[in-house]
Amino acid sequence: VTGQRRLAEAAPRVVLRTEVGATVTTRSIRDANRFAVLRGIYSLVTPTRKDLIGLTGLSSATISTVVSELLATGLLVESGRQESGGGRPSTRIGVASDYGLLVGVDVAETYVHADVYDAALNRLSRDERTMTGSSEPEQVIHQVVDLVRAAMASYTGRTVLGVGVSLPGQVEPRSGVSVVAPNWGWSDVPAEMLLTEQLAHRVHLDNPLKATTVAELWFGHGRMTGDLVTINLGTGVGAGIAIGGQLVRGVTNNAGEWGHTTLVLGGRRCRCGRNGCVEAYIGVSGLMAEFRARFGANHPYLVGGGQTDFVDRLVAGLEAADAEAEWMINHFARHLGAAIANVVNMINPRLVVLSSWIARRLGPWLLPATTEVMRAESIQGSAAATDLVFSAVPDSPVALGMATLALESYLESRYSRVGATQIRTR
Ligand SMILES: [Zn+2]
């Protein structure tokens, strides 16, 4: 935060170039400051300017400037006053919930989910459908468009600020391209363009790891710390990283592809085509493969071969203190804890947040065992400073995170137009 603050308060011509050509400009610093302030307002709910200084670490001058700009757009309103022991009463800042609508869409291999929110990110409605038919881009896009239109049908005439769409796999938000979606066989699909054409709203793309982390930052444990890593468990496995309250994307938006780091050199084949990945051991099919190798393919937990069936039976087994279920959870915790320790040593986060359905189901057994392994496998100074917790985002974190990113994208476009005018008149 200190470095960011120093840059923000430096001369307006500051431009840093990195080797790959990405630039840090005064505009992107202004964007970062604005998002820090917005995160403060959404997560603290009607804070004072002083509360925002405390949460963001930005200077009072920067907070004042950013808040004034946002008040001028109409997105923020001053709401009520707080008497402060003899001094000047301080005003509370809130969001004008009727400023416009946001839509958050979670597109998965098996379902499409769309939530509609007001500008304060209160959820107004939710819709979900099972994904049917082929996974050709036209088919998938058609189903997404169909659901979003149905979800928006009750809001005719309302301003839509943006639609945030999460797609599985590697996504490049700046170009709006789904770079790779392995389970669909997609490669370089211009999904944002296809969706925008049909929806006639601003569309912002990203992937579930980024969306989950943004939701956690704004509406979950991010209220307590800006240094956290979210761990998504399921069929696929990945992480989302936040440092100093900012989402870490990396150069091509692939920071956090922890599921495809190597856990066992020369180990089991992963669906990404490499061997020994974290996902090949702790993704649900990896867990099933480990269980099969130990207890045989005919074990009752594996009958039918379904992933949710396996997890249900495992939970029942744990409740009954079955030895096989206990073996599985300890085996899971050993691999998960060691893989998380690698993240802890690399990032030194305050919190590691477990999210997704499997974490919720297995949590009571998984959390203590994994915490123990994580601590034992991390360096001492980091281990003592990191806690392993469950997500504090109520539900649909992917949809909520995508609506949040759509809001950011809307403001970014609005401000870049304002910025261009200012540059001309200077
Ligand atoms: Zn892999």
# chains A, B, ... in the order shown; residues from 1 in each chain; ligands from 1
>>> residues_around(residues="segment 96-106 of chain A", least_positions_apart="6", cutoff="9 Å", atoms="only C-alpha atoms", output="VMD selection string")
chain A and resid 74 to 77 112 to 122 144 148 151 to 152 155 158 to 168 207 to 208 396 398 to 407
>>> residues_near_ligand(ligand="ligand 1", cutoff="6 Å", atoms="only C-alpha atoms and all ligand atoms", output="NGL selection string")
:A and (260 or 270-272 or 274 or 277)
>>> write_last_selection(atoms="N, CA, C and O atoms", output="compact mmCIF listing (two decimals), in the first residue's frame")
# COMPACT_ATOMS: atom_id res chain seq x y z
N HIS A 260 -2.23 -26.59 -11.34
CA HIS A 260 -1.33 -27.21 -12.32
C HIS A 260 0.13 -26.94 -12.00
O HIS A 260 0.97 -26.90 -12.88
N CYS A 270 -2.43 -35.57 -15.52
CA CYS A 270 -3.46 -34.57 -15.22
C CYS A 270 -4.22 -34.28 -16.51
O CYS A 270 -3.72 -34.49 -17.60
N ARG A 271 -5.45 -33.72 -16.40
CA ARG A 271 -6.20 -33.46 -17.62
C ARG A 271 -5.62 -32.30 -18.43
O ARG A 271 -6.00 -32.09 -19.57
N CYS A 272 -4.65 -31.56 -17.82
CA CYS A 272 -3.99 -30.50 -18.58
C CYS A 272 -2.91 -31.08 -19.50
O CYS A 272 -2.32 -30.37 -20.31
N ARG A 274 -0.07 -32.60 -18.41
CA ARG A 274 1.18 -32.80 -17.70
C ARG A 274 1.00 -33.86 -16.61
O ARG A 274 -0.10 -34.39 -16.46
N CYS A 277 0.32 -33.00 -11.30
CA CYS A 277 -0.23 -31.71 -10.86
C CYS A 277 -0.99 -31.85 -9.54
O CYS A 277 -1.53 -32.92 -9.23
>>> atom_distance(atom1="atom CA of Met288 of chain A", atom2="atom CA of Arg334 of chain A")
15.4 Å
>>> residues_around(residues="Glu69 of chain A", least_positions_apart="6", cutoff="12 Å", atoms="only C-alpha atoms", output="number ranges by chain")
A: 30-31, 33-34, 37-38, 62-63, 75-77, 411, 414-415, 418-419
>>> write_last_selection(atoms="all heavy atoms", output="short mmCIF file (atom, residue, chain, number, x, y, z; two decimals), in the first residue's frame")
data_model
loop_
_atom_site.label_atom_id
_atom_site.label_comp_id
_atom_site.auth_asym_id
_atom_site.auth_seq_id
_atom_site.Cartn_x
_atom_site.Cartn_y
_atom_site.Cartn_z
N ARG A 30 -4.85 5.60 -10.64
CA ARG A 30 -6.12 6.21 -10.26
C ARG A 30 -7.22 5.13 -10.19
O ARG A 30 -8.03 5.12 -9.28
CB ARG A 30 -6.49 7.28 -11.28
CG ARG A 30 -7.35 8.38 -10.70
CD ARG A 30 -7.54 9.50 -11.69
NE ARG A 30 -7.92 8.97 -12.99
CZ ARG A 30 -8.43 9.73 -13.97
NH1 ARG A 30 -8.59 11.01 -13.80
NH2 ARG A 30 -8.76 9.18 -15.13
N ASP A 31 -7.20 4.20 -11.15
CA ASP A 31 -8.15 3.08 -11.12
C ASP A 31 -7.97 2.27 -9.84
O ASP A 31 -8.94 1.93 -9.17
CB ASP A 31 -7.95 2.15 -12.33
CG ASP A 31 -8.48 2.75 -13.63
OD1 ASP A 31 -9.29 3.70 -13.55
OD2 ASP A 31 -8.08 2.28 -14.70
N ASN A 33 -6.68 3.16 -6.99
CA ASN A 33 -7.14 3.92 -5.82
C ASN A 33 -8.66 3.91 -5.75
O ASN A 33 -9.25 3.76 -4.68
CB ASN A 33 -6.65 5.37 -5.89
CG ASN A 33 -5.16 5.47 -5.64
OD1 ASN A 33 -4.54 4.54 -5.14
ND2 ASN A 33 -4.56 6.60 -6.00
N ARG A 34 -9.29 4.09 -6.91
CA ARG A 34 -10.76 4.13 -6.93
C ARG A 34 -11.32 2.78 -6.47
O ARG A 34 -12.27 2.72 -5.69
CB ARG A 34 -11.25 4.47 -8.33
CG ARG A 34 -12.77 4.63 -8.38
CD ARG A 34 -13.23 5.18 -9.71
NE ARG A 34 -12.97 4.28 -10.81
CZ ARG A 34 -12.11 4.51 -11.79
NH1 ARG A 34 -11.42 5.63 -11.85
NH2 ARG A 34 -11.94 3.63 -12.74
N VAL A 37 -11.02 2.38 -2.75
CA VAL A 37 -12.05 3.15 -2.04
C VAL A 37 -13.41 2.48 -2.16
O VAL A 37 -14.14 2.34 -1.18
CB VAL A 37 -12.09 4.60 -2.58
CG1 VAL A 37 -13.31 5.35 -2.05
CG2 VAL A 37 -10.81 5.34 -2.21
N LEU A 38 -13.74 2.02 -3.37
CA LEU A 38 -15.03 1.35 -3.58
C LEU A 38 -15.13 0.08 -2.73
O LEU A 38 -16.16 -0.19 -2.11
CB LEU A 38 -15.21 1.00 -5.05
CG LEU A 38 -15.73 2.13 -5.93
CD1 LEU A 38 -15.72 1.69 -7.38
CD2 LEU A 38 -17.15 2.54 -5.53
N THR A 62 -6.25 11.79 -1.13
CA THR A 62 -6.63 10.85 -2.19
C THR A 62 -8.07 10.38 -1.98
O THR A 62 -8.86 10.34 -2.91
CB THR A 62 -5.66 9.64 -2.21
OG1 THR A 62 -4.34 10.14 -2.36
CG2 THR A 62 -5.98 8.69 -3.34
N ILE A 63 -8.41 10.04 -0.73
CA ILE A 63 -9.77 9.59 -0.42
C ILE A 63 -10.77 10.68 -0.80
O ILE A 63 -11.78 10.41 -1.46
CB ILE A 63 -9.92 9.26 1.10
CG1 ILE A 63 -8.98 8.13 1.50
CG2 ILE A 63 -11.37 8.95 1.46
CD1 ILE A 63 -9.43 6.73 1.26
N LEU A 75 -23.11 7.60 -8.39
CA LEU A 75 -23.07 6.24 -7.84
C LEU A 75 -23.05 6.27 -6.32
O LEU A 75 -23.63 5.42 -5.66
CB LEU A 75 -21.83 5.48 -8.37
CG LEU A 75 -21.57 4.10 -7.76
CD1 LEU A 75 -22.67 3.12 -8.14
CD2 LEU A 75 -20.21 3.54 -8.18
N LEU A 76 -22.36 7.27 -5.75
CA LEU A 76 -22.30 7.39 -4.29
C LEU A 76 -23.21 8.51 -3.81
O LEU A 76 -23.44 9.48 -4.54
CB LEU A 76 -20.86 7.70 -3.84
CG LEU A 76 -19.80 6.65 -4.12
CD1 LEU A 76 -18.50 7.05 -3.42
CD2 LEU A 76 -20.24 5.27 -3.65
N VAL A 77 -23.70 8.34 -2.61
CA VAL A 77 -24.48 9.40 -1.97
C VAL A 77 -23.97 9.59 -0.55
O VAL A 77 -23.45 8.65 0.06
CB VAL A 77 -25.99 9.05 -1.91
CG1 VAL A 77 -26.63 9.24 -3.27
CG2 VAL A 77 -26.23 7.64 -1.39
N LEU A 411 -16.99 1.55 -14.55
CA LEU A 411 -16.38 2.79 -14.05
C LEU A 411 -15.09 3.11 -14.80
O LEU A 411 -14.81 4.25 -15.11
CB LEU A 411 -16.11 2.67 -12.55
CG LEU A 411 -17.37 2.67 -11.67
CD1 LEU A 411 -17.03 2.28 -10.24
CD2 LEU A 411 -18.05 4.04 -11.69
N ARG A 414 -15.96 4.68 -18.07
CA ARG A 414 -16.48 6.01 -17.84
C ARG A 414 -15.35 6.98 -17.53
O ARG A 414 -15.29 8.09 -18.07
CB ARG A 414 -17.44 5.93 -16.65
CG ARG A 414 -18.44 7.04 -16.63
CD ARG A 414 -19.22 7.02 -15.34
NE ARG A 414 -19.52 8.40 -15.03
CZ ARG A 414 -20.74 8.93 -15.15
NH1 ARG A 414 -21.73 8.21 -15.50
NH2 ARG A 414 -20.92 10.20 -14.88
N TYR A 415 -14.43 6.53 -16.68
CA TYR A 415 -13.32 7.40 -16.29
C TYR A 415 -12.30 7.57 -17.40
O TYR A 415 -11.66 8.61 -17.50
CB TYR A 415 -12.63 6.87 -15.03
CG TYR A 415 -13.33 7.32 -13.78
CD1 TYR A 415 -14.50 6.70 -13.37
CD2 TYR A 415 -12.84 8.37 -13.04
CE1 TYR A 415 -15.17 7.12 -12.24
CE2 TYR A 415 -13.50 8.81 -11.91
CZ TYR A 415 -14.66 8.17 -11.51
OH TYR A 415 -15.31 8.59 -10.39
N VAL A 418 -13.51 10.42 -19.33
CA VAL A 418 -13.28 11.67 -18.60
C VAL A 418 -11.80 12.04 -18.69
O VAL A 418 -11.43 13.17 -18.99
CB VAL A 418 -13.70 11.52 -17.12
CG1 VAL A 418 -13.29 12.74 -16.31
CG2 VAL A 418 -15.20 11.30 -17.03
N GLY A 419 -10.94 11.03 -18.48
CA GLY A 419 -9.49 11.26 -18.51
C GLY A 419 -9.05 11.84 -19.85
O GLY A 419 -8.26 12.77 -19.90
#
>>> atom_distance(atom1="atom CA of Val229 of chain A", atom2="atom CA of Ile347 of chain A")
8.4 Å
>>> residues_around(residues="Val284 of chain A", least_positions_apart="6", cutoff="10 Å", atoms="only C-alpha atoms", output="MDAnalysis selection string")
chainID A and resid 233:237 290 306:308 310:311 358
>>> closest_residue(among="A:Ala32, A:Asp146, A:Leu52, A:Ala280", to="Leu247 of chain A", atoms="only C-alpha atoms")
A:Ala32
>>> closest_residue(among="A:Gly240, A:Pro397, A:Gly185, A:Gly266", to="Asn253 of chain A", atoms="only C-alpha atoms")
A:Gly240
>>> select_by_dssp(residues="segment 80-270 of chain A", states="strand (DSSP E)", output="VMD selection string")
chain A and resid 80 to 82 90 to 95 101 to 107 111 to 118 123 to 130 160 to 166 170 to 172 177 to 181 186 to 189 203 to 206 228 to 232 238 to 243 246 to 247
>>> atom_distance(atom1="atom CA of Pro190 of chain A", atom2="atom CA of Gly273 of chain A")
24.2 Å
>>> select_by_dssp(residues="segment 88-159 of chain A", states="alpha helix (DSSP H)", output="PyMOL selection string")
chain A and resi 137-152
>>> write_last_selection(atoms="C-alpha atoms", output="short mmCIF file (atom, residue, chain, number, x, y, z; two decimals), in the first residue's frame")
data_model
loop_
_atom_site.label_atom_id
_atom_site.label_comp_id
_atom_site.auth_asym_id
_atom_site.auth_seq_id
_atom_site.Cartn_x
_atom_site.Cartn_y
_atom_site.Cartn_z
CA PRO A 137 -19.13 -21.80 -28.76
CA GLU A 138 -22.38 -20.82 -30.55
CA GLN A 139 -24.38 -23.31 -28.46
CA VAL A 140 -22.90 -22.26 -25.12
CA ILE A 141 -23.16 -18.53 -25.92
CA HIS A 142 -26.77 -19.03 -27.01
CA GLN A 143 -27.66 -20.63 -23.67
CA VAL A 144 -25.96 -17.83 -21.72
CA VAL A 145 -27.77 -15.14 -23.77
CA ASP A 146 -31.08 -16.92 -23.30
CA LEU A 147 -30.73 -17.10 -19.52
CA VAL A 148 -29.55 -13.48 -19.16
CA ARG A 149 -32.50 -12.27 -21.27
CA ALA A 150 -34.91 -14.28 -19.12
CA ALA A 151 -33.27 -12.94 -15.95
CA MET A 152 -33.60 -9.34 -17.22
#
>>> closest_residue(among="A:Gly133, A:Pro182, A:Gly256, A:Gly283", to="Ala359 of chain A", atoms="only C-alpha atoms")
A:Gly283
>>> residues_around(residues="Thr386 of chain A", least_positions_apart="4", cutoff="9 Å", atoms="only C-alpha atoms", output="ChimeraX atom specification")
/A:344,348-352,375,382
>>> residues_around(residues="Leu367 of chain A", least_positions_apart="2", cutoff="12 Å", atoms="only C-alpha atoms", output="JSON list (two decimals) with all heavy atoms, in the first residue's frame")
[["chain", "number", "residue", "atom", "x", "y", "z"],
["A", 329, "ILE", "N", -9.68, -38.92, 4.03],
["A", 329, "ILE", "CA", -9.60, -37.52, 4.47],
["A", 329, "ILE", "C", -8.18, -37.17, 4.90],
["A", 329, "ILE", "O", -7.68, -36.07, 4.62],
["A", 329, "ILE", "CB", -10.66, -37.22, 5.57],
["A", 329, "ILE", "CG1", -11.06, -35.74, 5.54],
["A", 329, "ILE", "CG2", -10.23, -37.58, 6.95],
["A", 329, "ILE", "CD1", -12.05, -35.38, 4.49],
["A", 330, "ASN", "N", -7.48, -38.12, 5.51],
["A", 330, "ASN", "CA", -6.10, -37.86, 5.91],
["A", 330, "ASN", "C", -5.18, -37.75, 4.70],
["A", 330, "ASN", "O", -4.29, -36.90, 4.66],
["A", 330, "ASN", "CB", -5.59, -38.95, 6.86],
["A", 330, "ASN", "CG", -6.20, -38.80, 8.25],
["A", 330, "ASN", "OD1", -6.50, -37.68, 8.68],
["A", 330, "ASN", "ND2", -6.45, -39.91, 8.92],
["A", 332, "PHE", "N", -6.15, -36.82, 1.68],
["A", 332, "PHE", "CA", -6.55, -35.55, 1.07],
["A", 332, "PHE", "C", -5.85, -34.39, 1.80],
["A", 332, "PHE", "O", -5.20, -33.53, 1.19],
["A", 332, "PHE", "CB", -8.08, -35.42, 1.17],
["A", 332, "PHE", "CG", -8.71, -34.27, 0.42],
["A", 332, "PHE", "CD1", -7.98, -33.44, -0.41],
["A", 332, "PHE", "CD2", -10.09, -34.03, 0.54],
["A", 332, "PHE", "CE1", -8.58, -32.38, -1.11],
["A", 332, "PHE", "CE2", -10.70, -32.99, -0.14],
["A", 332, "PHE", "CZ", -9.94, -32.15, -0.96],
["A", 333, "ALA", "N", -5.95, -34.39, 3.12],
["A", 333, "ALA", "CA", -5.38, -33.31, 3.94],
["A", 333, "ALA", "C", -3.87, -33.23, 3.76],
["A", 333, "ALA", "O", -3.30, -32.14, 3.73],
["A", 333, "ALA", "CB", -5.75, -33.51, 5.40],
["A", 334, "ARG", "N", -3.20, -34.39, 3.65],
["A", 334, "ARG", "CA", -1.73, -34.38, 3.49],
["A", 334, "ARG", "C", -1.33, -33.69, 2.19],
["A", 334, "ARG", "O", -0.44, -32.86, 2.15],
["A", 334, "ARG", "CB", -1.19, -35.81, 3.49],
["A", 334, "ARG", "CG", -0.99, -36.38, 4.87],
["A", 334, "ARG", "CD", 0.32, -37.18, 5.06],
["A", 334, "ARG", "NE", 0.77, -37.95, 3.91],
["A", 334, "ARG", "CZ", 0.31, -39.16, 3.58],
["A", 334, "ARG", "NH1", -0.63, -39.73, 4.32],
["A", 334, "ARG", "NH2", 0.79, -39.80, 2.55],
["A", 336, "LEU", "N", -3.34, -31.73, 0.20],
["A", 336, "LEU", "CA", -3.84, -30.35, 0.17],
["A", 336, "LEU", "C", -2.99, -29.44, 1.06],
["A", 336, "LEU", "O", -2.59, -28.34, 0.64],
["A", 336, "LEU", "CB", -5.32, -30.33, 0.63],
["A", 336, "LEU", "CG", -6.00, -28.96, 0.74],
["A", 336, "LEU", "CD1", -6.02, -28.25, -0.61],
["A", 336, "LEU", "CD2", -7.44, -29.12, 1.26],
["A", 337, "GLY", "N", -2.69, -29.91, 2.26],
["A", 337, "GLY", "CA", -1.90, -29.10, 3.21],
["A", 337, "GLY", "C", -0.51, -28.80, 2.66],
["A", 337, "GLY", "O", -0.02, -27.67, 2.77],
["A", 352, "VAL", "N", -5.82, -18.16, 4.24],
["A", 352, "VAL", "CA", -6.08, -19.03, 3.10],
["A", 352, "VAL", "C", -7.54, -19.45, 3.23],
["A", 352, "VAL", "O", -7.94, -19.99, 4.27],
["A", 352, "VAL", "CB", -5.14, -20.25, 3.08],
["A", 352, "VAL", "CG1", -5.51, -21.19, 1.94],
["A", 352, "VAL", "CG2", -3.69, -19.81, 2.94],
["A", 353, "VAL", "N", -8.33, -19.16, 2.21],
["A", 353, "VAL", "CA", -9.78, -19.32, 2.28],
["A", 353, "VAL", "C", -10.22, -20.49, 1.41],
["A", 353, "VAL", "O", -9.99, -20.49, 0.20],
["A", 353, "VAL", "CB", -10.48, -18.04, 1.79],
["A", 353, "VAL", "CG1", -12.00, -18.18, 1.91],
["A", 353, "VAL", "CG2", -10.00, -16.81, 2.55],
["A", 354, "LEU", "N", -10.84, -21.50, 2.02],
["A", 354, "LEU", "CA", -11.34, -22.64, 1.25],
["A", 354, "LEU", "C", -12.76, -22.32, 0.76],
["A", 354, "LEU", "O", -13.62, -21.95, 1.55],
["A", 354, "LEU", "CB", -11.39, -23.90, 2.10],
["A", 354, "LEU", "CG", -10.07, -24.47, 2.62],
["A", 354, "LEU", "CD1", -10.35, -25.76, 3.41],
["A", 354, "LEU", "CD2", -9.10, -24.76, 1.48],
["A", 355, "SER", "N", -12.98, -22.47, -0.55],
["A", 355, "SER", "CA", -14.35, -22.28, -1.03],
["A", 355, "SER", "C", -14.77, -23.46, -1.91],
["A", 355, "SER", "O", -13.95, -24.32, -2.21],
["A", 355, "SER", "CB", -14.49, -20.94, -1.77],
["A", 355, "SER", "OG", -13.75, -20.95, -2.93],
["A", 358, "ILE", "N", -17.34, -28.82, -2.15],
["A", 358, "ILE", "CA", -16.65, -29.94, -1.50],
["A", 358, "ILE", "C", -16.03, -29.51, -0.18],
["A", 358, "ILE", "O", -16.03, -30.25, 0.80],
["A", 358, "ILE", "CB", -15.64, -30.61, -2.46],
["A", 358, "ILE", "CG1", -15.03, -31.84, -1.80],
["A", 358, "ILE", "CG2", -14.57, -29.69, -2.94],
["A", 358, "ILE", "CD1", -14.37, -32.76, -2.77],
["A", 359, "ALA", "N", -15.54, -28.25, -0.14],
["A", 359, "ALA", "CA", -14.99, -27.73, 1.12],
["A", 359, "ALA", "C", -16.09, -27.64, 2.17],
["A", 359, "ALA", "O", -15.88, -27.95, 3.34],
["A", 359, "ALA", "CB", -14.35, -26.36, 0.89],
["A", 360, "ARG", "N", -17.30, -27.22, 1.73],
["A", 360, "ARG", "CA", -18.42, -27.12, 2.69],
["A", 360, "ARG", "C", -18.80, -28.50, 3.22],
["A", 360, "ARG", "O", -19.06, -28.67, 4.40],
["A", 360, "ARG", "CB", -19.64, -26.47, 2.02],
["A", 360, "ARG", "CG", -19.58, -24.95, 2.01],
["A", 360, "ARG", "CD", -20.93, -24.34, 1.66],
["A", 360, "ARG", "NE", -21.44, -24.78, 0.37],
["A", 360, "ARG", "CZ", -21.11, -24.20, -0.79],
["A", 360, "ARG", "NH1", -20.29, -23.18, -0.81],
["A", 360, "ARG", "NH2", -21.58, -24.66, -1.93],
["A", 361, "ARG", "N", -18.84, -29.50, 2.31],
["A", 361, "ARG", "CA", -19.25, -30.84, 2.73],
["A", 361, "ARG", "C", -18.23, -31.49, 3.66],
["A", 361, "ARG", "O", -18.58, -32.09, 4.67],
["A", 361, "ARG", "CB", -19.44, -31.76, 1.50],
["A", 361, "ARG", "CG", -20.54, -31.39, 0.54],
["A", 361, "ARG", "CD", -21.94, -31.43, 1.13],
["A", 361, "ARG", "NE", -22.29, -32.64, 1.88],
["A", 361, "ARG", "CZ", -22.69, -33.78, 1.34],
["A", 361, "ARG", "NH1", -22.82, -33.88, 0.02],
["A", 361, "ARG", "NH2", -22.97, -34.82, 2.07],
["A", 362, "LEU", "N", -16.96, -31.42, 3.27],
["A", 362, "LEU", "CA", -15.93, -32.15, 4.01],
["A", 362, "LEU", "C", -15.25, -31.30, 5.09],
["A", 362, "LEU", "O", -14.43, -31.80, 5.85],
["A", 362, "LEU", "CB", -14.86, -32.67, 3.03],
["A", 362, "LEU", "CG", -15.34, -33.68, 1.98],
["A", 362, "LEU", "CD1", -14.21, -34.03, 1.04],
["A", 362, "LEU", "CD2", -15.87, -34.95, 2.66],
["A", 363, "GLY", "N", -15.63, -30.04, 5.12],
["A", 363, "GLY", "CA", -14.95, -29.06, 5.97],
["A", 363, "GLY", "C", -14.68, -29.47, 7.40],
["A", 363, "GLY", "O", -13.55, -29.40, 7.86],
["A", 364, "PRO", "N", -15.71, -29.95, 8.12],
["A", 364, "PRO", "CA", -15.49, -30.25, 9.55],
["A", 364, "PRO", "C", -14.36, -31.26, 9.77],
["A", 364, "PRO", "O", -13.69, -31.22, 10.80],
["A", 364, "PRO", "CB", -16.83, -30.85, 9.99],
["A", 364, "PRO", "CG", -17.83, -30.35, 9.01],
["A", 364, "PRO", "CD", -17.10, -30.15, 7.72],
["A", 365, "TRP", "N", -14.14, -32.16, 8.80],
["A", 365, "TRP", "CA", -13.07, -33.14, 8.94],
["A", 365, "TRP", "C", -11.78, -32.63, 8.27],
["A", 365, "TRP", "O", -10.69, -32.88, 8.74],
["A", 365, "TRP", "CB", -13.47, -34.47, 8.31],
["A", 365, "TRP", "CG", -14.65, -35.08, 8.98],
["A", 365, "TRP", "CD1", -14.65, -35.84, 10.13],
["A", 365, "TRP", "CD2", -16.03, -34.94, 8.58],
["A", 365, "TRP", "NE1", -15.93, -36.20, 10.46],
["A", 365, "TRP", "CE2", -16.80, -35.68, 9.55],
["A", 365, "TRP", "CE3", -16.70, -34.31, 7.55],
["A", 365, "TRP", "CZ2", -18.19, -35.78, 9.46],
["A", 365, "TRP", "CZ3", -18.07, -34.40, 7.47],
["A", 365, "TRP", "CH2", -18.81, -35.12, 8.41],
["A", 369, "ALA", "N", -7.30, -31.15, 9.93],
["A", 369, "ALA", "CA", -6.19, -31.98, 9.45],
["A", 369, "ALA", "C", -5.33, -31.21, 8.46],
["A", 369, "ALA", "O", -4.09, -31.29, 8.49],
["A", 369, "ALA", "CB", -6.75, -33.24, 8.80],
["A", 370, "THR", "N", -5.96, -30.42, 7.57],
["A", 370, "THR", "CA", -5.20, -29.67, 6.57],
["A", 370, "THR", "C", -4.40, -28.54, 7.22],
["A", 370, "THR", "O", -3.26, -28.27, 6.84],
["A", 370, "THR", "CB", -6.15, -29.10, 5.50],
["A", 370, "THR", "OG1", -6.96, -30.16, 4.99],
["A", 370, "THR", "CG2", -5.37, -28.49, 4.35],
["A", 371, "THR", "N", -5.01, -27.89, 8.22],
["A", 371, "THR", "CA", -4.32, -26.80, 8.93],
["A", 371, "THR", "C", -3.02, -27.32, 9.54],
["A", 371, "THR", "O", -1.97, -26.70, 9.44],
["A", 371, "THR", "CB", -5.23, -26.21, 10.04],
["A", 371, "THR", "OG1", -6.44, -25.77, 9.45],
["A", 371, "THR", "CG2", -4.55, -25.05, 10.76],
["A", 372, "GLU", "N", -3.11, -28.51, 10.15],
["A", 372, "GLU", "CA", -1.94, -29.10, 10.79],
["A", 372, "GLU", "C", -0.81, -29.34, 9.78],
["A", 372, "GLU", "O", 0.34, -28.97, 10.01],
["A", 372, "GLU", "CB", -2.36, -30.42, 11.44],
["A", 372, "GLU", "CG", -1.45, -30.89, 12.54],
["A", 372, "GLU", "CD", -1.98, -32.20, 13.13],
["A", 372, "GLU", "OE1", -3.13, -32.22, 13.62],
["A", 372, "GLU", "OE2", -1.24, -33.20, 13.07],
["A", 373, "VAL", "N", -1.17, -29.91, 8.62],
["A", 373, "VAL", "CA", -0.15, -30.18, 7.59],
["A", 373, "VAL", "C", 0.40, -28.87, 7.02],
["A", 373, "VAL", "O", 1.61, -28.70, 6.86],
["A", 373, "VAL", "CB", -0.72, -31.06, 6.45],
["A", 373, "VAL", "CG1", 0.35, -31.33, 5.39],
["A", 373, "VAL", "CG2", -1.29, -32.36, 6.99],
["A", 374, "MET", "N", -0.50, -27.91, 6.74],
["A", 374, "MET", "CA", -0.08, -26.61, 6.20],
["A", 374, "MET", "C", 0.95, -25.96, 7.12],
["A", 374, "MET", "O", 1.99, -25.49, 6.68],
["A", 374, "MET", "CB", -1.31, -25.71, 6.06],
["A", 374, "MET", "CG", -0.99, -24.30, 5.61],
["A", 374, "MET", "SD", -2.45, -23.20, 5.71],
["A", 374, "MET", "CE", -2.35, -22.66, 7.42],
["A", 387, "ASP", "N", -3.89, -18.26, 8.77],
["A", 387, "ASP", "CA", -4.99, -19.12, 9.20],
["A", 387, "ASP", "C", -5.71, -19.70, 7.99],
["A", 387, "ASP", "O", -5.82, -19.04, 6.96],
["A", 387, "ASP", "CB", -6.00, -18.33, 10.04],
["A", 387, "ASP", "CG", -5.46, -18.03, 11.43],
["A", 387, "ASP", "OD1", -4.83, -18.93, 12.02],
["A", 387, "ASP", "OD2", -5.63, -16.89, 11.90],
["A", 388, "LEU", "N", -6.17, -20.93, 8.13],
["A", 388, "LEU", "CA", -6.97, -21.58, 7.10],
["A", 388, "LEU", "C", -8.43, -21.50, 7.53],
["A", 388, "LEU", "O", -8.78, -21.95, 8.62],
["A", 388, "LEU", "CB", -6.51, -23.03, 6.96],
["A", 388, "LEU", "CG", -7.13, -23.87, 5.84],
["A", 388, "LEU", "CD1", -6.71, -23.33, 4.47],
["A", 388, "LEU", "CD2", -6.68, -25.33, 5.97],
["A", 389, "VAL", "N", -9.27, -20.91, 6.67],
["A", 389, "VAL", "CA", -10.68, -20.68, 7.05],
["A", 389, "VAL", "C", -11.61, -21.03, 5.88],
["A", 389, "VAL", "O", -11.16, -21.21, 4.76],
["A", 389, "VAL", "CB", -10.91, -19.19, 7.43],
["A", 389, "VAL", "CG1", -10.15, -18.82, 8.69],
["A", 389, "VAL", "CG2", -10.52, -18.26, 6.28],
["A", 390, "PHE", "N", -12.90, -21.07, 6.15],
["A", 390, "PHE", "CA", -13.90, -21.21, 5.09],
["A", 390, "PHE", "C", -14.28, -19.85, 4.55],
["A", 390, "PHE", "O", -14.20, -18.85, 5.26],
["A", 390, "PHE", "CB", -15.16, -21.89, 5.61],
["A", 390, "PHE", "CG", -14.97, -23.32, 5.95],
["A", 390, "PHE", "CD1", -15.21, -23.77, 7.23],
["A", 390, "PHE", "CD2", -14.55, -24.21, 4.98],
["A", 390, "PHE", "CE1", -15.01, -25.10, 7.56],
["A", 390, "PHE", "CE2", -14.36, -25.54, 5.30],
["A", 390, "PHE", "CZ", -14.58, -25.98, 6.59]]
>>> closest_residue(among="A:Ser135, A:Ser90, A:Met224, A:Val95", to="Tyr111 of chain A", atoms="only C-alpha atoms")
A:Ser135
